[in-house]
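Below: work06.cif (mmCIF, C-alpha atoms)
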```cif
data_my_file
#
loop_
_atom_site.label_atom_id
_atom_site.label_comp_id
_atom_site.auth_asym_id
_atom_site.auth_seq_id
_atom_site.Cartn_x
_atom_site.Cartn_y
_atom_site.Cartn_z
CA MET G 257 16.98 -25.19 -21.35
CA GLU G 258 15.17 -23.39 -18.56
CA VAL G 259 11.63 -23.79 -19.85
CA PRO G 260 10.50 -27.31 -20.70
CA ILE G 261 8.29 -27.61 -23.79
CA LEU G 262 5.77 -30.43 -23.61
CA LYS G 263 4.06 -31.97 -26.59
CA GLN G 264 0.38 -32.78 -26.14
CA GLY G 265 -1.34 -34.12 -29.24
CA ASN G 266 -1.27 -31.36 -31.85
CA TYR G 267 -0.20 -28.78 -29.33
CA LEU G 268 2.92 -27.59 -27.56
CA ILE G 269 2.73 -26.45 -23.96
CA ALA G 270 5.42 -24.24 -22.43
CA THR G 271 5.11 -23.29 -18.76
CA VAL G 272 7.37 -20.45 -17.68
CA GLN G 273 8.99 -21.38 -14.36
CA ALA G 274 9.61 -18.68 -11.75
CA ALA G 275 11.30 -15.41 -12.68
CA ILE G 276 12.76 -15.99 -16.12
CA SER G 277 15.83 -14.19 -17.45
CA ASP G 278 15.77 -12.32 -20.75
CA ALA G 279 18.25 -14.77 -22.27
CA ALA G 280 16.14 -17.78 -21.26
CA LEU G 281 13.08 -16.11 -22.73
CA LEU G 282 14.83 -15.62 -26.08
CA GLU G 283 15.97 -19.22 -25.94
CA LEU G 284 12.38 -20.31 -25.35
CA ARG G 285 11.26 -18.23 -28.32
CA ASP G 286 13.82 -19.80 -30.65
CA GLU G 287 13.09 -23.31 -29.40
CA LEU G 288 9.30 -22.90 -29.75
CA VAL G 289 9.51 -21.53 -33.27
CA LYS G 290 11.80 -24.39 -34.23
CA ARG G 291 9.66 -27.13 -32.68
CA VAL G 292 6.42 -25.85 -34.18
CA GLY G 293 7.75 -26.98 -37.53
CA THR G 294 9.26 -30.24 -36.34
CA PHE G 295 6.10 -31.60 -34.72
CA ARG G 296 3.54 -30.27 -37.21
CA THR G 297 2.01 -28.35 -34.30
CA ARG G 298 -1.33 -26.56 -34.72
CA GLY G 299 -1.24 -24.60 -31.50
CA VAL G 300 0.98 -23.37 -28.68
CA VAL G 301 -0.05 -22.65 -25.09
CA LEU G 302 2.31 -20.35 -23.23
CA ASP G 303 1.60 -20.45 -19.50
CA VAL G 304 2.81 -17.39 -17.56
CA THR G 305 0.93 -18.07 -14.31
CA VAL G 306 4.00 -17.81 -12.08
CA LEU G 307 5.13 -14.44 -13.47
CA ASP G 308 4.07 -11.75 -11.01
CA VAL G 309 5.51 -9.02 -13.20
CA MET G 310 5.28 -8.67 -16.97
CA ASP G 311 7.90 -6.16 -18.11
CA SER G 312 8.03 -4.64 -21.55
CA PHE G 313 10.72 -7.02 -22.77
CA THR G 314 8.66 -10.05 -21.74
CA ALA G 315 5.55 -8.59 -23.33
CA ARG G 316 7.40 -7.89 -26.57
CA THR G 317 8.90 -11.37 -26.67
CA VAL G 318 5.53 -12.98 -25.98
CA ARG G 319 4.10 -11.04 -28.88
CA ALA G 320 6.99 -12.06 -31.06
CA ILE G 321 6.44 -15.72 -30.18
CA ALA G 322 2.77 -15.40 -31.16
CA SER G 323 3.57 -13.74 -34.51
CA MET G 324 6.42 -16.11 -35.35
CA THR G 325 4.51 -19.31 -34.56
CA LYS G 326 1.59 -17.97 -36.55
CA LEU G 327 3.84 -17.63 -39.60
CA ARG G 328 4.82 -21.26 -39.05
CA GLY G 329 1.16 -22.27 -38.96
CA ALA G 330 0.41 -22.49 -35.23
CA GLU G 331 -1.85 -20.29 -33.14
CA THR G 332 -0.39 -19.19 -29.76
CA VAL G 333 -2.52 -18.64 -26.67
CA ILE G 334 -1.13 -16.87 -23.62
CA VAL G 335 -2.67 -18.22 -20.42
CA GLY G 336 -2.43 -17.48 -16.72
CA ILE G 337 -2.16 -13.68 -16.62
CA GLY G 338 -3.43 -12.89 -13.10
CA PRO G 339 -5.64 -9.95 -12.12
CA GLU G 340 -2.78 -7.87 -10.68
CA VAL G 341 -0.53 -8.46 -13.69
CA ALA G 342 -3.38 -7.70 -16.11
CA PHE G 343 -4.16 -4.47 -14.30
CA ALA G 344 -0.53 -3.37 -14.22
CA MET G 345 -0.09 -4.19 -17.89
CA THR G 346 -3.02 -2.06 -19.00
CA GLN G 347 -1.75 0.78 -16.84
CA LEU G 348 1.54 0.59 -18.74
CA GLY G 349 -0.22 0.31 -22.09
CA MET G 350 0.95 -3.25 -22.79
CA THR G 351 -2.24 -4.83 -24.04
CA LEU G 352 -0.88 -7.67 -26.22
CA GLU G 353 -3.20 -6.54 -28.98
CA GLY G 354 -3.86 -9.29 -31.49
CA VAL G 355 -2.58 -12.06 -29.25
CA GLU G 356 -5.03 -14.74 -28.12
CA THR G 357 -5.41 -15.01 -24.32
CA ALA G 358 -7.17 -17.39 -21.96
CA LEU G 359 -7.63 -17.86 -18.24
CA ASP G 360 -5.62 -21.06 -17.73
CA LEU G 361 -4.22 -24.11 -19.49
CA ASP G 362 -7.63 -25.77 -19.68
CA GLU G 363 -9.27 -22.74 -21.28
CA GLY G 364 -6.27 -22.21 -23.52
CA LEU G 365 -6.55 -25.70 -24.99
CA ALA G 366 -10.32 -25.16 -25.41
CA VAL G 367 -9.63 -21.94 -27.31
CA LEU G 368 -7.20 -23.72 -29.65
CA GLU G 369 -9.67 -26.57 -30.17
CA GLN G 370 -12.42 -24.09 -31.02
CA GLY G 371 -10.12 -22.08 -33.29
CA LEU G 372 -9.23 -25.21 -35.28
CA LYS G 373 -12.85 -26.17 -35.71
CA GLY G 374 -14.20 -22.70 -36.37
CA GLY G 375 -11.21 -21.74 -38.46
CA GLY G 376 -11.13 -18.24 -37.01
CA ASN G 377 -10.28 -16.30 -33.92
CA ARG G 378 -12.65 -16.56 -31.00
CA GLY G 379 -14.64 -13.48 -30.14
CA ARG G 380 -13.25 -11.21 -32.83
CA MET P 161 -0.28 31.01 22.87
CA THR P 162 -2.80 33.54 21.61
CA ASP P 163 -5.37 32.25 24.04
CA GLN P 164 -2.91 32.77 26.84
CA SER P 165 -2.08 36.34 25.85
CA LYS P 166 -5.74 37.17 25.34
CA LYS P 167 -6.53 35.88 28.79
CA THR P 168 -3.78 37.91 30.47
CA SER P 169 -4.70 41.09 28.63
CA ARG P 170 -8.24 40.50 29.69
CA THR P 171 -7.30 40.11 33.35
CA GLU P 172 -5.22 43.25 33.20
CA SER P 173 -7.64 45.56 31.44
CA ALA P 174 -10.99 44.28 32.63
CA GLY P 175 -10.30 41.64 35.24
CA ALA P 176 -13.03 42.84 37.52
CA LEU P 177 -15.52 42.97 34.68
CA VAL P 178 -15.75 39.22 34.02
CA PRO P 179 -17.26 38.24 37.40
CA GLU P 180 -19.48 41.30 37.16
CA LEU P 181 -20.79 40.30 33.74
CA VAL P 182 -21.23 36.70 34.82
CA ALA P 183 -23.15 37.78 37.89
CA HIS P 184 -25.29 40.07 35.74
CA LEU P 185 -26.13 37.34 33.22
CA ARG P 186 -26.84 34.80 35.97
CA GLU P 187 -29.10 37.22 37.79
CA LYS P 188 -31.03 38.09 34.62
CA GLN P 189 -31.03 34.50 33.41
CA GLU P 190 -34.77 33.90 33.48
CA PRO P 191 -35.97 37.08 31.70
CA LEU P 192 -33.14 36.97 29.15
CA ARG P 193 -33.67 33.31 28.32
CA ARG P 194 -37.38 33.89 27.96
CA GLN P 195 -36.73 36.82 25.67
CA TRP P 196 -34.39 34.68 23.59
CA VAL P 197 -36.92 31.85 23.22
CA GLU P 198 -39.62 34.36 22.25
CA GLN P 199 -37.44 35.96 19.59
CA MET P 200 -36.50 32.58 18.17
CA THR P 201 -40.15 31.51 18.09
CA ALA P 202 -41.01 34.75 16.31
CA LYS P 203 -38.35 34.02 13.67
CA GLY P 204 -39.63 30.47 13.29
CA LEU P 205 -36.29 29.04 14.36
CA LEU P 206 -37.81 26.59 16.81
CA ALA P 207 -39.88 24.70 14.27
CA GLY P 208 -39.70 20.99 14.95
CA LEU P 209 -38.97 21.38 18.68
CA THR P 210 -41.58 20.83 21.40
CA PRO P 211 -41.92 23.69 23.95
CA GLU P 212 -40.37 21.50 26.68
CA GLU P 213 -37.40 20.72 24.46
CA ALA P 214 -36.99 24.40 23.66
CA GLU P 215 -37.01 25.16 27.42
CA THR P 216 -34.36 22.62 28.42
CA GLU P 217 -32.16 23.23 25.38
CA SER P 218 -32.21 26.98 25.82
CA ALA P 219 -31.40 26.68 29.53
CA THR P 220 -28.45 24.38 28.83
CA ILE P 221 -27.13 26.62 26.08
CA TYR P 222 -27.52 29.72 28.19
CA ASP P 223 -25.59 28.13 31.09
CA THR P 224 -22.89 26.77 28.82
CA CYS P 225 -22.30 30.18 27.27
CA VAL P 226 -22.13 31.94 30.65
CA ARG P 227 -19.69 29.30 31.89
CA CYS P 228 -17.47 29.90 28.85
CA LEU P 229 -17.43 33.61 29.70
CA GLU P 230 -16.65 32.85 33.34
CA THR P 231 -13.80 30.35 32.87
CA GLY P 232 -12.43 31.31 29.44
CA GLN P 233 -12.52 27.56 28.62
CA TYR P 234 -14.53 26.33 25.66
CA ASP P 235 -14.36 22.55 26.16
CA GLY P 236 -17.93 22.39 27.41
CA ALA P 237 -19.21 24.44 24.50
CA GLN P 238 -17.24 22.29 22.07
CA ALA P 239 -18.64 19.04 23.45
CA TYR P 240 -22.16 20.41 23.56
CA ALA P 241 -21.93 21.77 20.02
CA THR P 242 -20.77 18.40 18.71
CA ARG P 243 -23.59 16.61 20.48
CA MET P 244 -26.07 19.14 19.23
CA ALA P 245 -24.77 18.89 15.68
CA GLU P 246 -25.31 15.15 15.70
CA ARG P 247 -28.84 15.49 17.01
CA GLY P 248 -29.58 18.47 14.80
CA ILE P 249 -28.69 16.49 11.72
CA LEU P 250 -30.72 13.55 12.93
CA ARG P 251 -33.77 15.66 13.38
CA ALA P 252 -33.15 17.38 10.06
CA MET P 253 -32.80 20.81 11.67
CA THR P 254 -31.30 23.23 9.22
CA SER P 255 -27.99 24.89 9.95
CA GLU P 256 -29.90 28.15 9.54
CA GLN P 257 -32.04 27.26 12.55
CA VAL P 258 -29.07 26.55 14.78
CA LEU P 259 -26.87 29.43 13.64
CA GLY P 260 -29.84 31.79 13.69
CA GLY P 261 -30.60 30.69 17.22
CA PHE P 262 -27.09 31.46 18.41
CA LEU P 263 -27.04 34.81 16.63
CA THR P 264 -30.27 35.68 18.42
CA LEU P 265 -28.77 34.69 21.77
CA ARG P 266 -25.77 36.88 20.99
CA ASP P 267 -28.09 39.82 20.31
CA VAL P 268 -30.03 39.21 23.51
CA TYR P 269 -26.86 39.19 25.62
CA GLY P 270 -25.58 42.29 23.83
CA ARG P 271 -28.78 44.23 24.33
CA SER P 272 -28.80 43.42 28.02
CA LEU P 273 -25.28 44.82 28.32
CA PHE P 274 -26.32 48.01 26.55
CA ALA P 275 -29.27 48.29 28.91
CA ARG P 276 -27.11 47.83 31.97
CA TYR P 277 -24.27 50.19 31.09
CA GLN P 278 -26.17 52.83 29.15
CA GLY P 279 -25.06 55.61 31.51
CA ASP P 280 -21.37 54.69 31.41
CA LEU P 281 -19.94 54.61 27.90
CA ALA P 282 -16.37 53.67 28.90
CA ARG P 283 -17.58 50.75 30.99
CA LEU P 284 -19.94 49.60 28.24
CA SER P 285 -17.11 49.52 25.74
CA ALA P 286 -14.93 47.57 28.21
CA ALA P 287 -17.76 45.12 28.81
CA LEU P 288 -18.23 44.65 25.07
CA ASP P 289 -14.49 44.06 24.73
CA VAL P 290 -14.82 41.16 27.15
CA TYR P 291 -18.08 39.82 25.79
CA GLU P 292 -17.63 40.02 22.02
CA PRO P 293 -14.65 37.65 21.60
CA VAL P 294 -16.39 35.06 23.76
CA ALA P 295 -19.61 35.30 21.76
CA ASN P 296 -17.74 35.11 18.46
CA LYS P 297 -15.71 32.14 19.61
CA ILE P 298 -18.85 30.24 20.68
CA LEU P 299 -20.50 31.01 17.35
CA SER P 300 -17.52 29.75 15.38
CA ILE P 301 -17.40 26.59 17.50
CA VAL P 302 -21.04 25.89 16.68
CA ALA P 303 -20.59 26.62 12.99
CA LEU P 304 -17.49 24.45 12.71
CA ALA P 305 -19.17 21.59 14.57
CA PHE P 306 -21.99 21.71 12.05
CA ILE P 307 -19.72 21.79 9.03
CA GLU P 308 -17.71 18.89 10.45
CA GLU P 309 -20.87 16.89 11.00
CA ARG P 310 -22.05 17.55 7.44
CA THR P 311 -18.68 16.53 6.03
CA LYS P 312 -18.82 13.32 8.03
CA VAL P 313 -22.25 12.51 6.64
CA ILE P 314 -21.06 13.19 3.09
CA GLN P 315 -18.04 10.94 3.58
CA GLN P 316 -20.21 8.14 4.93
CA GLN P 317 -22.55 8.44 1.96
CA GLN P 318 -19.68 8.38 -0.53
CA GLU P 319 -18.36 5.28 1.18
CA ALA P 320 -21.78 3.66 0.91
CA ILE P 321 -22.08 4.51 -2.79
CA ARG P 322 -18.63 3.11 -3.44
CA GLU P 323 -19.47 -0.18 -1.76
CA LEU P 324 -22.84 -0.52 -3.40
CA SER P 325 -21.99 0.35 -6.90
CA THR P 326 -19.60 -2.28 -8.24
CA PRO P 327 -21.26 -5.67 -8.08
CA VAL P 328 -20.15 -8.36 -10.53
CA LEU P 329 -22.92 -10.84 -11.22
CA GLN P 330 -22.74 -14.27 -12.78
CA LEU P 331 -25.55 -14.76 -15.29
CA ARG P 332 -24.61 -18.20 -16.57
CA GLU P 333 -21.57 -20.37 -16.39
CA GLY P 334 -18.79 -18.41 -18.03
CA LEU P 335 -20.87 -15.25 -18.39
CA LEU P 336 -20.55 -12.28 -16.04
CA MET P 337 -22.48 -9.05 -15.93
CA LEU P 338 -21.11 -5.76 -14.66
CA PRO P 339 -23.65 -2.97 -14.25
CA VAL P 340 -21.84 0.35 -13.91
CA ILE P 341 -23.83 3.11 -12.24
CA GLY P 342 -22.90 6.68 -11.42
CA MET P 343 -19.69 8.65 -11.70
CA ILE P 344 -16.46 6.93 -12.64
CA ASP P 345 -13.29 8.47 -11.29
CA THR P 346 -9.80 7.00 -11.25
CA GLN P 347 -10.25 5.33 -7.91
CA ARG P 348 -13.60 3.78 -8.79
CA ALA P 349 -12.36 2.64 -12.17
CA ARG P 350 -9.50 0.90 -10.43
CA GLN P 351 -11.84 -0.80 -7.95
CA LEU P 352 -14.19 -1.78 -10.72
CA THR P 353 -11.39 -3.31 -12.80
CA GLU P 354 -9.90 -5.19 -9.86
CA GLY P 355 -13.32 -6.52 -8.84
CA LEU P 356 -14.02 -7.65 -12.39
CA LEU P 357 -10.63 -9.33 -12.86
CA CYS P 358 -10.94 -11.25 -9.59
CA ALA P 359 -14.46 -12.32 -10.55
CA ILE P 360 -13.27 -13.48 -13.97
CA ARG P 361 -10.76 -15.76 -12.29
CA ALA P 362 -13.12 -16.95 -9.57
CA ASN P 363 -15.99 -17.73 -11.97
CA ARG P 364 -13.83 -18.81 -14.93
CA ALA P 365 -15.71 -16.33 -17.08
CA ARG P 366 -15.16 -16.08 -20.83
CA VAL P 367 -17.56 -13.30 -21.68
CA VAL P 368 -18.45 -10.20 -19.65
CA VAL P 369 -21.36 -7.88 -20.43
CA MET P 370 -20.60 -4.40 -19.13
CA ASP P 371 -23.71 -2.23 -19.02
CA ILE P 372 -23.10 1.51 -18.77
CA THR P 373 -26.72 2.68 -18.98
CA GLY P 374 -26.29 4.17 -15.50
CA VAL P 375 -23.27 6.26 -16.43
CA ALA P 376 -24.62 9.73 -17.06
CA ALA P 377 -21.49 11.48 -18.31
CA VAL P 378 -18.50 10.08 -20.13
CA ASP P 379 -15.42 12.17 -20.83
CA SER P 380 -12.12 11.10 -22.33
CA LYS P 381 -10.80 10.06 -18.92
CA VAL P 382 -13.77 7.82 -18.18
CA ALA P 383 -13.59 6.37 -21.69
CA ASN P 384 -9.95 5.50 -21.14
CA HIS P 385 -10.79 3.86 -17.83
CA LEU P 386 -13.43 1.72 -19.52
CA LEU P 387 -11.01 0.85 -22.31
CA GLN P 388 -8.40 -0.26 -19.79
CA THR P 389 -10.93 -2.43 -17.99
CA VAL P 390 -11.81 -4.11 -21.27
CA GLN P 391 -8.15 -4.67 -22.17
CA ALA P 392 -7.29 -6.05 -18.73
CA ALA P 393 -10.20 -8.50 -18.96
CA ARG P 394 -8.99 -9.58 -22.39
CA LEU P 395 -5.53 -10.32 -21.01
CA MET P 396 -7.24 -12.81 -18.73
CA GLY P 397 -8.97 -14.40 -21.65
CA ALA P 398 -12.40 -12.82 -21.27
CA THR P 399 -14.18 -10.82 -23.97
CA VAL P 400 -16.06 -7.73 -22.81
CA ILE P 401 -19.24 -6.60 -24.55
CA VAL P 402 -20.22 -3.02 -23.72
CA THR P 403 -23.92 -2.18 -23.75
CA GLY P 404 -26.15 0.76 -22.88
CA VAL P 405 -24.21 3.58 -24.54
CA SER P 406 -26.85 6.31 -24.61
CA ALA P 407 -27.27 8.74 -27.49
CA ALA P 408 -25.78 11.57 -25.44
CA VAL P 409 -22.76 9.49 -24.42
CA ALA P 410 -22.20 8.31 -27.99
CA GLN P 411 -22.30 11.90 -29.25
CA ALA P 412 -19.93 13.06 -26.55
CA LEU P 413 -17.45 10.26 -27.27
CA VAL P 414 -17.36 10.95 -31.00
CA ALA P 415 -17.15 14.69 -30.42
CA ILE P 416 -14.07 14.38 -28.16
CA GLY P 417 -12.55 11.91 -30.59
CA VAL P 418 -12.09 8.89 -28.36
CA ASP P 419 -11.41 5.80 -30.42
CA LEU P 420 -13.69 3.10 -29.14
CA THR P 421 -13.75 1.06 -32.32
CA ARG P 422 -11.79 -1.63 -30.54
CA LEU P 423 -14.74 -2.15 -28.21
CA ASP P 424 -17.56 -4.57 -28.90
CA THR P 425 -20.62 -2.44 -28.33
CA LEU P 426 -24.30 -3.30 -28.53
CA SER P 427 -27.34 -1.13 -27.96
CA ASP P 428 -28.87 -2.59 -24.83
CA LEU P 429 -28.32 -5.18 -22.15
CA GLN P 430 -30.64 -7.69 -23.79
CA SER P 431 -28.79 -7.78 -27.08
CA GLY P 432 -25.52 -7.89 -25.14
CA ILE P 433 -26.63 -11.01 -23.29
CA ASP P 434 -27.97 -12.55 -26.51
CA GLU P 435 -24.61 -12.01 -28.19
CA ALA P 436 -22.76 -13.43 -25.16
CA ASP P 437 -25.03 -16.51 -25.23
CA ARG P 438 -24.26 -16.98 -28.90
CA ARG P 439 -20.51 -16.82 -28.30
CA LEU P 440 -20.69 -19.25 -25.40
CA GLY P 441 -22.97 -21.60 -27.31
CA TYR P 442 -26.05 -21.15 -25.14
CA LYS P 443 -29.51 -21.24 -26.69
CA VAL P 444 -32.47 -19.78 -24.84
CA ILE P 445 -35.79 -21.41 -25.73
CA LYS P 446 -39.21 -20.35 -24.46
CA GLY P 447 -41.08 -22.82 -22.24
CA GLU P 448 -44.05 -23.40 -24.59
CA GLU P 449 -41.79 -23.93 -27.55
CA THR P 450 -39.79 -26.56 -25.68
CA ALA P 451 -42.99 -28.35 -24.75
CA ALA P 452 -44.09 -28.23 -28.38
CA ARG P 453 -40.74 -29.59 -29.50
CA HIS P 454 -40.95 -32.44 -27.00
CA GLU P 455 -44.39 -33.34 -28.26
CA HIS P 456 -43.15 -33.14 -31.79
CA ILE P 457 -40.29 -35.52 -31.00
CA GLU P 458 -42.51 -37.91 -29.05
CA GLY P 459 -45.14 -37.86 -31.81
CA ARG P 460 -42.59 -39.01 -34.35
#
```

I'd like the structure from this file rewritten - as structure tokens, please.
Amino acid sequence: MEVPILKQGNYLIATVQAAISDAALLELRDELVKRVGTFRTRGVVLDVTVLDVMDSFTARTVRAIASMTKLRGAETVIVGIGPEVAFAMTQLGMTLEGVETALDLDEGLAVLEQGLKGGGNRGR
Amino acid sequence: MTDQSKKTSRTESAGALVPELVAHLREKQEPLRRQWVEQMTAKGLLAGLTPEEAETESATIYDTCVRCLETGQYDGAQAYATRMAERGILRAMTSEQVLGGFLTLRDVYGRSLFARYQGDLARLSAALDVYEPVANKILSIVALAFIEERTKVIQQQQEAIRELSTPVLQLREGLLMLPVIGMIDTQRARQLTEGLLCAIRANRARVVVMDITGVAAVDSKVANHLLQTVQAARLMGATVIVTGVSAAVAQALVAIGVDLTRLDTLSDLQSGIDEADRRLGYKVIKGEETAARHEHIEGR
């Protein structure tokens, strides 16, 4: 497995390493969705800091991960989208509408914590 | 190439005339220059210049023009025009003053030629053939120098506006403010977004208040730019609250059918900051009230 998935308390943390292939991304998706159920996970943090390009396939898969984990009872937060990537994504119309985002791992965990307590999405 | 051919044709047809004209203008320098200054004064073109300045400037210009006629080279005139344009702008002389002054000089030279060759029509026409292109060329040099100078000033000002107008300010920890002022075009929108995104990362901001009170006109393009800025900020985990949408802007946006329902909008900057405080968990309490609360607690 190319992307290690770490368990931290009630959460799963997956940090995408370097340029990831489409196949590895799909594998990550399947693995995450599976593990969410196994560990009674309440939240997933997907760290994409090292990606310097977010293509449409990646964006779609990220969205899919968020929707699928949600159906299994876990909120997903995407963290680490840099300024350049964010700008390019909006230019291409990929806005990850409806997916929770945060600056980095720290903020991502804070968002999940808050979401569990508040019982709703932050800032919506 | 054209300059070359013009010069040769000139030497062929009226070669002897150039030195003759130059000698004539040099000889009559004092009366002609005086006449020129008088005419300009009468037209009010010398406003803002002291008499001494008018004297020296007019003498220099007169000499420069005669030298252009003599040599057929315009480098001197070019350099002088550029220098003059810079100073003219600095002293807030109007282009009308400068162009008017040169047109007057052209008339003065022309009249003196008519006066000299009035008995000999063929020679007068030959003299005008030599003189007119030179005068026109000098005039166009002056005009172009002025336009160039104006363009340069405009460019500098645009640059200044661009630099001034996109500050990102931190109000509290995790809260940024972005006051947008003036026109938003594609380039500025890009700069604005990049500046905001970098600031979000640097300050670890979670909420941004974007105030567009200073944006006079919003069309569909500008609205899309703003929408993209908001979406890009969201991708980095920051919520953007838009404030200061004026009545005119709101009407325009609805009329052109831009869908801004996805934006969080509030009427003014104050309510925007209040809302941001609420989301971040800040509470602002007035000084007196805090004192009263302290007393209350101590009293218990």

Inset, instruction - Residues of chain P near chain G: apply a cut-off of 12 Å, count all atoms listed in the file, and supply the list as number ranges by chain. - result: P: 334, 346, 349-368, 384-401, 422-424, 435-441

Inset, instruction - Apply the PyMOL selection byres ((chain P and resi 339) around 10) to the structure shown and report the selected residues as a list in words. - result: Ser325, Thr326, Pro327, Val328, Leu329, Leu336, Met337, Leu338, Val340, Ile341, Val369, Met370, Asp371, Ile372, Thr373, Gly374, Val375, Thr403, Gly404 and Leu429 of chain P

Legend entry - Atom-to-atom span, CA of Arg266 in chain P and CA of Glu215 in chain P, Å: 17.5 Å

Inset, instruction - Show which residues sit within 9 Å of Leu368 in chain G, as a list in words. Count all atoms listed in the file, and ignore same-chain residues fewer than 3 positions away. - result: Tyr267, Arg298, Gly299, Val300, Val301, Glu331, Thr332, Val333, Glu363, Gly364, Leu365, Gly371, Leu372 and Lys373 of chain G

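Interatomic distance, CA of Asp303 in chain G to CA of Leu327 in chain G: 20.4 Å.
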
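Using all atoms listed in the file, the residues found no farther than 10 Å from Ile221 in chain P, other than those of its own chain fewer than 3 positions away, are Arg193, Thr216, Glu217, Ser218, Thr224, Cys225, Val226, Arg227, Ala237, Tyr240, Ala241, Phe262 and Leu265 of chain P.
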
Inset, instruction - Give as a PyMOL selection string the residues that the PyMOL selection byres ((chain P and resi 295) around 12) matches when applied to the coordinates above. - result: chain P and resi 222+224-229+232+234+237+262-270+288-294+296-302

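Ranking G:Leu284, G:Ile321, G:Ala274, G:Leu262 by their shortest atom-to-atom distance to Val309 in chain G, with only C-alpha atoms included, puts G:Ala274 first.
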
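Atom pair CA of Asp419 in chain P / CA of Ser380 in chain P: separated by 9.7 Å.
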
Legend entry - Residue among G:Leu281, G:Ala330, G:Val259, G:Leu302 lying closest to Arg316 in chain G, counting all atoms listed in the file: G:Leu281

Inset, instruction - Evaluate the PyMOL selection byres ((chain G and resi 273) around 9) and record the selected residues as a ChimeraX atom specification, following the chain and residue labels used in the document. - result: /G:258-260,271-272,274-276,304-307

Inset, instruction - Using all atoms listed in the file, pick whichever of G:Asp278, G:Asp286, G:Glu369, G:Asp362 has the shortest atom-to-atom distance to Asp311 in chain G. - result: G:Asp278
